[in-house]
Each structure stands twice: as C-alpha cells, then as structure tokens.
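The data block below is work12.csv; it holds CSV, N, CA and C atoms.
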```
chain,number,residue,atom,x,y,z
A,227,MET,N,10.8,2.7,-0.4
A,227,MET,CA,10.5,3.3,0.9
A,227,MET,C,9.4,2.4,1.6
A,228,THR,N,9.1,2.6,2.8
A,228,THR,CA,8.1,1.9,3.5
A,228,THR,C,6.7,2.4,3.2
A,229,LEU,N,5.7,1.6,3.4
A,229,LEU,CA,4.3,2.0,3.1
A,229,LEU,C,3.9,3.1,4.1
A,230,ALA,N,4.3,3.0,5.3
A,230,ALA,CA,4.0,4.1,6.3
A,230,ALA,C,4.5,5.5,5.8
A,231,LYS,N,5.7,5.5,5.3
A,231,LYS,CA,6.3,6.8,4.9
A,231,LYS,C,5.6,7.3,3.6
A,232,ALA,N,5.3,6.4,2.7
A,232,ALA,CA,4.6,6.8,1.4
A,232,ALA,C,3.2,7.2,1.6
A,233,ALA,N,2.6,6.7,2.7
A,233,ALA,CA,1.2,7.0,3.0
A,233,ALA,C,0.9,8.3,3.7
A,234,VAL,N,1.9,9.0,4.2
A,234,VAL,CA,1.7,10.2,4.9
A,234,VAL,C,0.9,11.2,4.1
A,235,GLY,N,-0.2,11.7,4.6
A,235,GLY,CA,-1.0,12.7,4.0
A,235,GLY,C,-1.9,12.1,2.9
A,236,VAL,N,-1.9,10.8,2.7
A,236,VAL,CA,-2.7,10.2,1.7
A,236,VAL,C,-3.8,9.3,2.3
A,237,VAL,N,-3.4,8.4,3.2
A,237,VAL,CA,-4.3,7.5,3.8
A,237,VAL,C,-5.0,8.1,5.0
A,238,ARG,N,-6.4,8.0,4.9
A,238,ARG,CA,-7.2,8.6,6.0
A,238,ARG,C,-8.1,7.5,6.6
A,239,ALA,N,-8.5,7.6,7.8
A,239,ALA,CA,-9.4,6.7,8.5
A,239,ALA,C,-10.8,6.9,7.8
A,240,GLY,N,-11.6,5.9,7.8
A,240,GLY,CA,-12.9,6.0,7.3
A,240,GLY,C,-13.1,5.1,6.0
A,241,GLY,N,-12.1,4.6,5.5
A,241,GLY,CA,-12.2,3.7,4.4
A,241,GLY,C,-11.9,4.3,3.1
A,242,GLY,N,-11.3,3.6,2.2
A,242,GLY,CA,-11.0,4.0,0.9
A,242,GLY,C,-10.3,3.0,0.1
A,243,THR,N,-10.1,3.3,-1.2
A,243,THR,CA,-9.4,2.4,-2.1
A,243,THR,C,-8.0,3.0,-2.4
A,244,TYR,N,-7.0,2.3,-2.3
A,244,TYR,CA,-5.6,2.8,-2.5
A,244,TYR,C,-4.8,2.0,-3.5
A,245,ASN,N,-4.1,2.7,-4.4
A,245,ASN,CA,-3.2,2.1,-5.3
A,245,ASN,C,-1.8,2.2,-4.6
A,246,ILE,N,-1.1,1.1,-4.7
A,246,ILE,CA,0.3,1.1,-4.2
A,246,ILE,C,1.2,0.8,-5.3
A,247,GLY,N,2.1,1.7,-5.7
A,247,GLY,CA,3.1,1.5,-6.7
A,247,GLY,C,4.3,0.9,-6.0
A,248,PHE,N,5.0,-0.1,-6.6
A,248,PHE,CA,6.1,-0.7,-6.0
A,248,PHE,C,7.1,-1.3,-7.0
A,249,ASN,N,8.3,-1.5,-6.6
A,249,ASN,CA,9.3,-2.1,-7.5
A,249,ASN,C,9.5,-1.4,-8.8
A,250,ASP,N,9.4,-0.1,-8.8
A,250,ASP,CA,9.6,0.7,-10.0
A,250,ASP,C,8.8,0.3,-11.2
A,251,GLY,N,7.5,0.2,-11.0
A,251,GLY,CA,6.6,-0.1,-12.2
A,251,GLY,C,5.4,-1.0,-11.9
A,252,ASP,N,5.5,-1.8,-10.8
A,252,ASP,CA,4.3,-2.6,-10.5
A,252,ASP,C,3.3,-1.8,-9.7
A,253,GLU,N,2.1,-2.3,-9.7
A,253,GLU,CA,1.0,-1.6,-8.9
A,253,GLU,C,0.0,-2.6,-8.4
A,254,THR,N,-0.5,-2.4,-7.2
A,254,THR,CA,-1.6,-3.2,-6.7
A,254,THR,C,-2.6,-2.3,-6.0
A,255,GLN,N,-3.8,-2.8,-5.7
A,255,GLN,CA,-4.8,-2.0,-5.1
A,255,GLN,C,-5.5,-2.7,-4.0
A,256,PHE,N,-5.8,-2.0,-2.9
A,256,PHE,CA,-6.4,-2.5,-1.7
A,256,PHE,C,-7.5,-1.6,-1.3
A,257,ASP,N,-8.6,-2.1,-0.7
A,257,ASP,CA,-9.6,-1.4,0.0
A,257,ASP,C,-9.2,-1.5,1.5
A,258,ALA,N,-9.2,-0.4,2.2
A,258,ALA,CA,-8.8,-0.5,3.6
A,258,ALA,C,-9.5,0.7,4.4
A,259,TYR,N,-9.8,0.4,5.6
A,259,TYR,CA,-10.4,1.4,6.5
A,259,TYR,C,-9.5,2.5,7.0
A,260,ASP,N,-8.2,2.1,7.3
A,260,ASP,CA,-7.2,3.0,7.8
A,260,ASP,C,-5.8,2.5,7.5
A,261,LEU,N,-4.8,3.2,7.9
A,261,LEU,CA,-3.4,2.8,7.7
A,261,LEU,C,-3.1,1.4,8.3
A,262,PRO,N,-3.5,1.1,9.5
A,262,PRO,CA,-3.2,-0.2,10.0
A,262,PRO,C,-3.7,-1.4,9.1
A,263,GLU,N,-5.0,-1.2,8.7
A,263,GLU,CA,-5.5,-2.2,7.8
A,263,GLU,C,-4.8,-2.3,6.5
A,264,LEU,N,-4.4,-1.1,5.9
A,264,LEU,CA,-3.7,-1.1,4.6
A,264,LEU,C,-2.3,-1.8,4.8
A,265,LEU,N,-1.7,-1.5,5.9
A,265,LEU,CA,-0.4,-2.2,6.2
A,265,LEU,C,-0.6,-3.7,6.3
A,266,GLU,N,-1.6,-4.1,6.9
A,266,GLU,CA,-1.9,-5.6,7.0
A,266,GLU,C,-2.0,-6.2,5.7
A,267,CYS,N,-2.8,-5.5,4.8
A,267,CYS,CA,-3.0,-6.0,3.4
A,267,CYS,C,-1.7,-6.1,2.7
A,268,TRP,N,-0.9,-5.0,2.8
A,268,TRP,CA,0.4,-4.9,2.1
A,268,TRP,C,1.4,-6.0,2.6
A,269,ILE,N,1.5,-6.2,3.9
A,269,ILE,CA,2.4,-7.1,4.4
A,269,ILE,C,2.0,-8.5,3.9
A,270,GLY,N,0.8,-8.9,4.0
A,270,GLY,CA,0.3,-10.2,3.5
A,270,GLY,C,0.6,-10.4,2.0
A,271,PHE,N,0.3,-9.3,1.2
A,271,PHE,CA,0.6,-9.4,-0.2
A,271,PHE,C,2.0,-9.6,-0.5
A,272,CYS,N,2.9,-8.9,0.2
A,272,CYS,CA,4.3,-9.1,0.0
A,272,CYS,C,4.8,-10.5,0.4
A,273,ALA,N,4.3,-11.0,1.5
A,273,ALA,CA,4.6,-12.3,2.0
A,273,ALA,C,4.2,-13.4,0.9
A,274,GLU,N,3.0,-13.2,0.4
A,274,GLU,CA,2.5,-14.2,-0.6
A,274,GLU,C,3.3,-14.2,-1.9
A,275,ASN,N,3.8,-13.0,-2.3
A,275,ASN,CA,4.4,-12.9,-3.6
A,275,ASN,C,5.9,-12.7,-3.6
A,276,GLY,N,6.5,-12.7,-2.4
A,276,GLY,CA,8.0,-12.7,-2.3
A,276,GLY,C,8.6,-11.3,-2.5
A,277,PHE,N,7.8,-10.2,-2.2
A,277,PHE,CA,8.3,-8.9,-2.4
A,277,PHE,C,8.8,-8.3,-1.1
A,278,GLN,N,9.7,-7.3,-1.1
A,278,GLN,CA,10.1,-6.7,0.1
A,278,GLN,C,9.1,-5.6,0.5
A,279,THR,N,8.8,-5.5,1.8
A,279,THR,CA,7.8,-4.6,2.2
A,279,THR,C,8.2,-3.1,2.1
A,280,ASN,N,9.5,-2.9,1.9
A,280,ASN,CA,10.0,-1.5,1.8
A,280,ASN,C,10.3,-1.1,0.3
A,281,SER,N,9.5,-1.7,-0.6
A,281,SER,CA,9.7,-1.5,-2.0
A,281,SER,C,8.6,-0.5,-2.6
A,282,VAL,N,8.0,0.2,-1.7
A,282,VAL,CA,6.9,1.1,-2.1
A,282,VAL,C,7.4,2.4,-2.8
A,283,ASP,N,6.9,2.7,-4.0
A,283,ASP,CA,7.2,3.9,-4.7
A,283,ASP,C,6.2,5.1,-4.4
A,284,TYR,N,4.9,4.7,-4.3
A,284,TYR,CA,3.9,5.7,-4.0
A,284,TYR,C,2.6,5.0,-3.5
A,285,VAL,N,1.8,5.9,-2.9
A,285,VAL,CA,0.4,5.5,-2.5
A,285,VAL,C,-0.5,6.6,-2.9
A,286,GLU,N,-1.6,6.2,-3.6
A,286,GLU,CA,-2.6,7.2,-4.0
A,286,GLU,C,-4.0,6.7,-3.7
A,287,ARG,N,-4.8,7.6,-3.3
A,287,ARG,CA,-6.2,7.3,-3.0
A,287,ARG,C,-7.0,7.4,-4.3
A,288,VAL,N,-7.8,6.4,-4.5
A,288,VAL,CA,-8.6,6.3,-5.8
A,288,VAL,C,-9.9,6.9,-5.6
```
Could I get this structure in the form of structure tokens?
Amino acid sequence: MTLAKAAVGVVRAGGGTYNIGFNDGDETQFDAYDLPELLECWIGFCAENGFQTNSVDYVERV
C-alpha cells in the first residue's frame, strides 16, 4: 500500500520517529516533522534503493 494510506492515524505533526515496514519483511526508520516530510524521506529512500513507493506494509511511531 502507499505510505499515505498506511500512515493514517499514526503520523502526527510535531515530529517523531517512524518505522516503515515494507516488502513483506524489510524495515527502515525516519525522523520526520509531519507526513509531507516523511513522504519526502520515503520517496528518496525508495529512489536510492530501487524499491516501489507503494510497497509499505505498516507505519508505526516509535
């Protein structure tokens, strides 16, 4: 699924650390102020590593 869909009810403005599970078993972590910043991090990460941006399994706030 997309990050925006997985982040509903999880990502809040004001900053936080988020784990993003993707590709049925992989995970990465980003610090972001809000959803637009988290999306920017995720899109850049996917572009650098050749992952699809719609491969998100879950988002959790740490």
Task: Distance in Å - CA of Asn275 (chain A) versus atom C of Val236 (chain A) - done: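 Calculated distance between CA of Asn275 (chain A) and atom C of Val236 (chain A) is 24.4 Å.
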TODO: Would you mind listing what lies within 10 Å of region 249-252 of chain A as a list of chain:residue names, with only C-alpha atoms counted and same-chain residues fewer than 6 positions away left out?
DONE: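 Near neighbours after the sequence-gap exclusion: A:Phe277, A:Gln278, A:Asn280, A:Ser281, A:Val282, A:Asp283, A:Tyr284.
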- [ ] Mind giving me the straight-line distance from CA of Phe256 (chain A) to CA of Gly241 (chain A) in Å, one decimal?
- [x] 10.5 Å
Please give the complete set of residues from chain A that DSSP, run on the backbone, assigns to strand (DSSP E), formatted as a PDB file with N, CA and C atoms, in the frame of the given file.
```pdb
ATOM      1  N   GLY A 242     -11.300   3.600   2.200  1.00  0.00           N
ATOM      2  CA  GLY A 242     -11.000   4.000   0.900  1.00  0.00           C
ATOM      3  C   GLY A 242     -10.300   3.000   0.100  1.00  0.00           C
ATOM      4  N   THR A 243     -10.100   3.300  -1.200  1.00  0.00           N
ATOM      5  CA  THR A 243      -9.400   2.400  -2.100  1.00  0.00           C
ATOM      6  C   THR A 243      -8.000   3.000  -2.400  1.00  0.00           C
ATOM      7  N   TYR A 244      -7.000   2.300  -2.300  1.00  0.00           N
ATOM      8  CA  TYR A 244      -5.600   2.800  -2.500  1.00  0.00           C
ATOM      9  C   TYR A 244      -4.800   2.000  -3.500  1.00  0.00           C
ATOM     10  N   ASN A 245      -4.100   2.700  -4.400  1.00  0.00           N
ATOM     11  CA  ASN A 245      -3.200   2.100  -5.300  1.00  0.00           C
ATOM     12  C   ASN A 245      -1.800   2.200  -4.600  1.00  0.00           C
ATOM     13  N   ILE A 246      -1.100   1.100  -4.700  1.00  0.00           N
ATOM     14  CA  ILE A 246       0.300   1.100  -4.200  1.00  0.00           C
ATOM     15  C   ILE A 246       1.200   0.800  -5.300  1.00  0.00           C
ATOM     16  N   GLY A 247       2.100   1.700  -5.700  1.00  0.00           N
ATOM     17  CA  GLY A 247       3.100   1.500  -6.700  1.00  0.00           C
ATOM     18  C   GLY A 247       4.300   0.900  -6.000  1.00  0.00           C
ATOM     19  N   PHE A 248       5.000  -0.100  -6.600  1.00  0.00           N
ATOM     20  CA  PHE A 248       6.100  -0.700  -6.000  1.00  0.00           C
ATOM     21  C   PHE A 248       7.100  -1.300  -7.000  1.00  0.00           C
ATOM     22  N   ASP A 252       5.500  -1.800 -10.800  1.00  0.00           N
ATOM     23  CA  ASP A 252       4.300  -2.600 -10.500  1.00  0.00           C
ATOM     24  C   ASP A 252       3.300  -1.800  -9.700  1.00  0.00           C
ATOM     25  N   GLU A 253       2.100  -2.300  -9.700  1.00  0.00           N
ATOM     26  CA  GLU A 253       1.000  -1.600  -8.900  1.00  0.00           C
ATOM     27  C   GLU A 253       0.000  -2.600  -8.400  1.00  0.00           C
ATOM     28  N   THR A 254      -0.500  -2.400  -7.200  1.00  0.00           N
ATOM     29  CA  THR A 254      -1.600  -3.200  -6.700  1.00  0.00           C
ATOM     30  C   THR A 254      -2.600  -2.300  -6.000  1.00  0.00           C
ATOM     31  N   GLN A 255      -3.800  -2.800  -5.700  1.00  0.00           N
ATOM     32  CA  GLN A 255      -4.800  -2.000  -5.100  1.00  0.00           C
ATOM     33  C   GLN A 255      -5.500  -2.700  -4.000  1.00  0.00           C
ATOM     34  N   PHE A 256      -5.800  -2.000  -2.900  1.00  0.00           N
ATOM     35  CA  PHE A 256      -6.400  -2.500  -1.700  1.00  0.00           C
ATOM     36  C   PHE A 256      -7.500  -1.600  -1.300  1.00  0.00           C
ATOM     37  N   ASP A 257      -8.600  -2.100  -0.700  1.00  0.00           N
ATOM     38  CA  ASP A 257      -9.600  -1.400   0.000  1.00  0.00           C
ATOM     39  C   ASP A 257      -9.200  -1.500   1.500  1.00  0.00           C
ATOM     40  N   ALA A 258      -9.200  -0.400   2.200  1.00  0.00           N
ATOM     41  CA  ALA A 258      -8.800  -0.500   3.600  1.00  0.00           C
ATOM     42  C   ALA A 258      -9.500   0.700   4.400  1.00  0.00           C
ATOM     43  N   VAL A 282       8.000   0.200  -1.700  1.00  0.00           N
ATOM     44  CA  VAL A 282       6.900   1.100  -2.100  1.00  0.00           C
ATOM     45  C   VAL A 282       7.400   2.400  -2.800  1.00  0.00           C
ATOM     46  N   ASP A 283       6.900   2.700  -4.000  1.00  0.00           N
ATOM     47  CA  ASP A 283       7.200   3.900  -4.700  1.00  0.00           C
ATOM     48  C   ASP A 283       6.200   5.100  -4.400  1.00  0.00           C
ATOM     49  N   TYR A 284       4.900   4.700  -4.300  1.00  0.00           N
ATOM     50  CA  TYR A 284       3.900   5.700  -4.000  1.00  0.00           C
ATOM     51  C   TYR A 284       2.600   5.000  -3.500  1.00  0.00           C
ATOM     52  N   VAL A 285       1.800   5.900  -2.900  1.00  0.00           N
ATOM     53  CA  VAL A 285       0.400   5.500  -2.500  1.00  0.00           C
ATOM     54  C   VAL A 285      -0.500   6.600  -2.900  1.00  0.00           C
ATOM     55  N   GLU A 286      -1.600   6.200  -3.600  1.00  0.00           N
ATOM     56  CA  GLU A 286      -2.600   7.200  -4.000  1.00  0.00           C
ATOM     57  C   GLU A 286      -4.000   6.700  -3.700  1.00  0.00           C
ATOM     58  N   ARG A 287      -4.800   7.600  -3.300  1.00  0.00           N
ATOM     59  CA  ARG A 287      -6.200   7.300  -3.000  1.00  0.00           C
ATOM     60  C   ARG A 287      -7.000   7.400  -4.300  1.00  0.00           C
TER      61      ARG A 287
END
```
TODO: Can you pull out every residue within 6 Å of Arg238 (chain A), counting all atoms listed in the file, but drop anything in the same chain fewer than 6 positions away, and send it as an NGL selection string?
DONE: :A and (259-261)
For the residues selected in the previous step, produce a file with N, CA and C atoms as a PDB file, keeping the file's coordinate frame.
```pdb
ATOM      1  N   TYR A 259      -9.800   0.400   5.600  1.00  0.00           N
ATOM      2  CA  TYR A 259     -10.400   1.400   6.500  1.00  0.00           C
ATOM      3  C   TYR A 259      -9.500   2.500   7.000  1.00  0.00           C
ATOM      4  N   ASP A 260      -8.200   2.100   7.300  1.00  0.00           N
ATOM      5  CA  ASP A 260      -7.200   3.000   7.800  1.00  0.00           C
ATOM      6  C   ASP A 260      -5.800   2.500   7.500  1.00  0.00           C
ATOM      7  N   LEU A 261      -4.800   3.200   7.900  1.00  0.00           N
ATOM      8  CA  LEU A 261      -3.400   2.800   7.700  1.00  0.00           C
ATOM      9  C   LEU A 261      -3.100   1.400   8.300  1.00  0.00           C
TER      10      LEU A 261
END
```
TODO: Just the alpha helix (DSSP H) stuff from chain A, please, per backbone DSSP, written as a PyMOL selection string.
DONE: chain A and resi 229-232+261-275
Those residues with N, CA and C atoms, as an mmCIF file, in the coordinates of the input please?
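Saved as out_18.cif:
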```cif
data_model
loop_
_atom_site.group_PDB
_atom_site.id
_atom_site.type_symbol
_atom_site.label_atom_id
_atom_site.label_comp_id
_atom_site.auth_asym_id
_atom_site.auth_seq_id
_atom_site.Cartn_x
_atom_site.Cartn_y
_atom_site.Cartn_z
ATOM 1 N N LEU A 229 5.700 1.600 3.400
ATOM 2 C CA LEU A 229 4.300 2.000 3.100
ATOM 3 C C LEU A 229 3.900 3.100 4.100
ATOM 4 N N ALA A 230 4.300 3.000 5.300
ATOM 5 C CA ALA A 230 4.000 4.100 6.300
ATOM 6 C C ALA A 230 4.500 5.500 5.800
ATOM 7 N N LYS A 231 5.700 5.500 5.300
ATOM 8 C CA LYS A 231 6.300 6.800 4.900
ATOM 9 C C LYS A 231 5.600 7.300 3.600
ATOM 10 N N ALA A 232 5.300 6.400 2.700
ATOM 11 C CA ALA A 232 4.600 6.800 1.400
ATOM 12 C C ALA A 232 3.200 7.200 1.600
ATOM 13 N N LEU A 261 -4.800 3.200 7.900
ATOM 14 C CA LEU A 261 -3.400 2.800 7.700
ATOM 15 C C LEU A 261 -3.100 1.400 8.300
ATOM 16 N N PRO A 262 -3.500 1.100 9.500
ATOM 17 C CA PRO A 262 -3.200 -0.200 10.000
ATOM 18 C C PRO A 262 -3.700 -1.400 9.100
ATOM 19 N N GLU A 263 -5.000 -1.200 8.700
ATOM 20 C CA GLU A 263 -5.500 -2.200 7.800
ATOM 21 C C GLU A 263 -4.800 -2.300 6.500
ATOM 22 N N LEU A 264 -4.400 -1.100 5.900
ATOM 23 C CA LEU A 264 -3.700 -1.100 4.600
ATOM 24 C C LEU A 264 -2.300 -1.800 4.800
ATOM 25 N N LEU A 265 -1.700 -1.500 5.900
ATOM 26 C CA LEU A 265 -0.400 -2.200 6.200
ATOM 27 C C LEU A 265 -0.600 -3.700 6.300
ATOM 28 N N GLU A 266 -1.600 -4.100 6.900
ATOM 29 C CA GLU A 266 -1.900 -5.600 7.000
ATOM 30 C C GLU A 266 -2.000 -6.200 5.700
ATOM 31 N N CYS A 267 -2.800 -5.500 4.800
ATOM 32 C CA CYS A 267 -3.000 -6.000 3.400
ATOM 33 C C CYS A 267 -1.700 -6.100 2.700
ATOM 34 N N TRP A 268 -0.900 -5.000 2.800
ATOM 35 C CA TRP A 268 0.400 -4.900 2.100
ATOM 36 C C TRP A 268 1.400 -6.000 2.600
ATOM 37 N N ILE A 269 1.500 -6.200 3.900
ATOM 38 C CA ILE A 269 2.400 -7.100 4.400
ATOM 39 C C ILE A 269 2.000 -8.500 3.900
ATOM 40 N N GLY A 270 0.800 -8.900 4.000
ATOM 41 C CA GLY A 270 0.300 -10.200 3.500
ATOM 42 C C GLY A 270 0.600 -10.400 2.000
ATOM 43 N N PHE A 271 0.300 -9.300 1.200
ATOM 44 C CA PHE A 271 0.600 -9.400 -0.200
ATOM 45 C C PHE A 271 2.000 -9.600 -0.500
ATOM 46 N N CYS A 272 2.900 -8.900 0.200
ATOM 47 C CA CYS A 272 4.300 -9.100 0.000
ATOM 48 C C CYS A 272 4.800 -10.500 0.400
ATOM 49 N N ALA A 273 4.300 -11.000 1.500
ATOM 50 C CA ALA A 273 4.600 -12.300 2.000
ATOM 51 C C ALA A 273 4.200 -13.400 0.900
ATOM 52 N N GLU A 274 3.000 -13.200 0.400
ATOM 53 C CA GLU A 274 2.500 -14.200 -0.600
ATOM 54 C C GLU A 274 3.300 -14.200 -1.900
ATOM 55 N N ASN A 275 3.800 -13.000 -2.300
ATOM 56 C CA ASN A 275 4.400 -12.900 -3.600
ATOM 57 C C ASN A 275 5.900 -12.700 -3.600
#
```
- [ ] Considering only C-alpha atoms, state which residue in the set A:Ala233, A:Gly247, A:Met227, A:Glu274 is at the smallest distance from Pro262 (chain A).
- [x] A:Ala233
Open item on the list: I'd like to know which of A:Phe248, A:Arg287, A:Thr279, A:Ala232 is closest to Glu266 (chain A), using only C-alpha atoms.
Closed with: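 Checking each candidate against Glu266 (chain A), we get A:Thr279 as the closest.
What separates CA of Val234 (chain A) from CA of Thr254 (chain A) is a distance of 18.0 Å.
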Task: Among listed residues A:Gly242, A:Gly270, A:Gly235, A:Gly276, nearest Asp257 (chain A) (using only C-alpha atoms) - done: A:Gly242
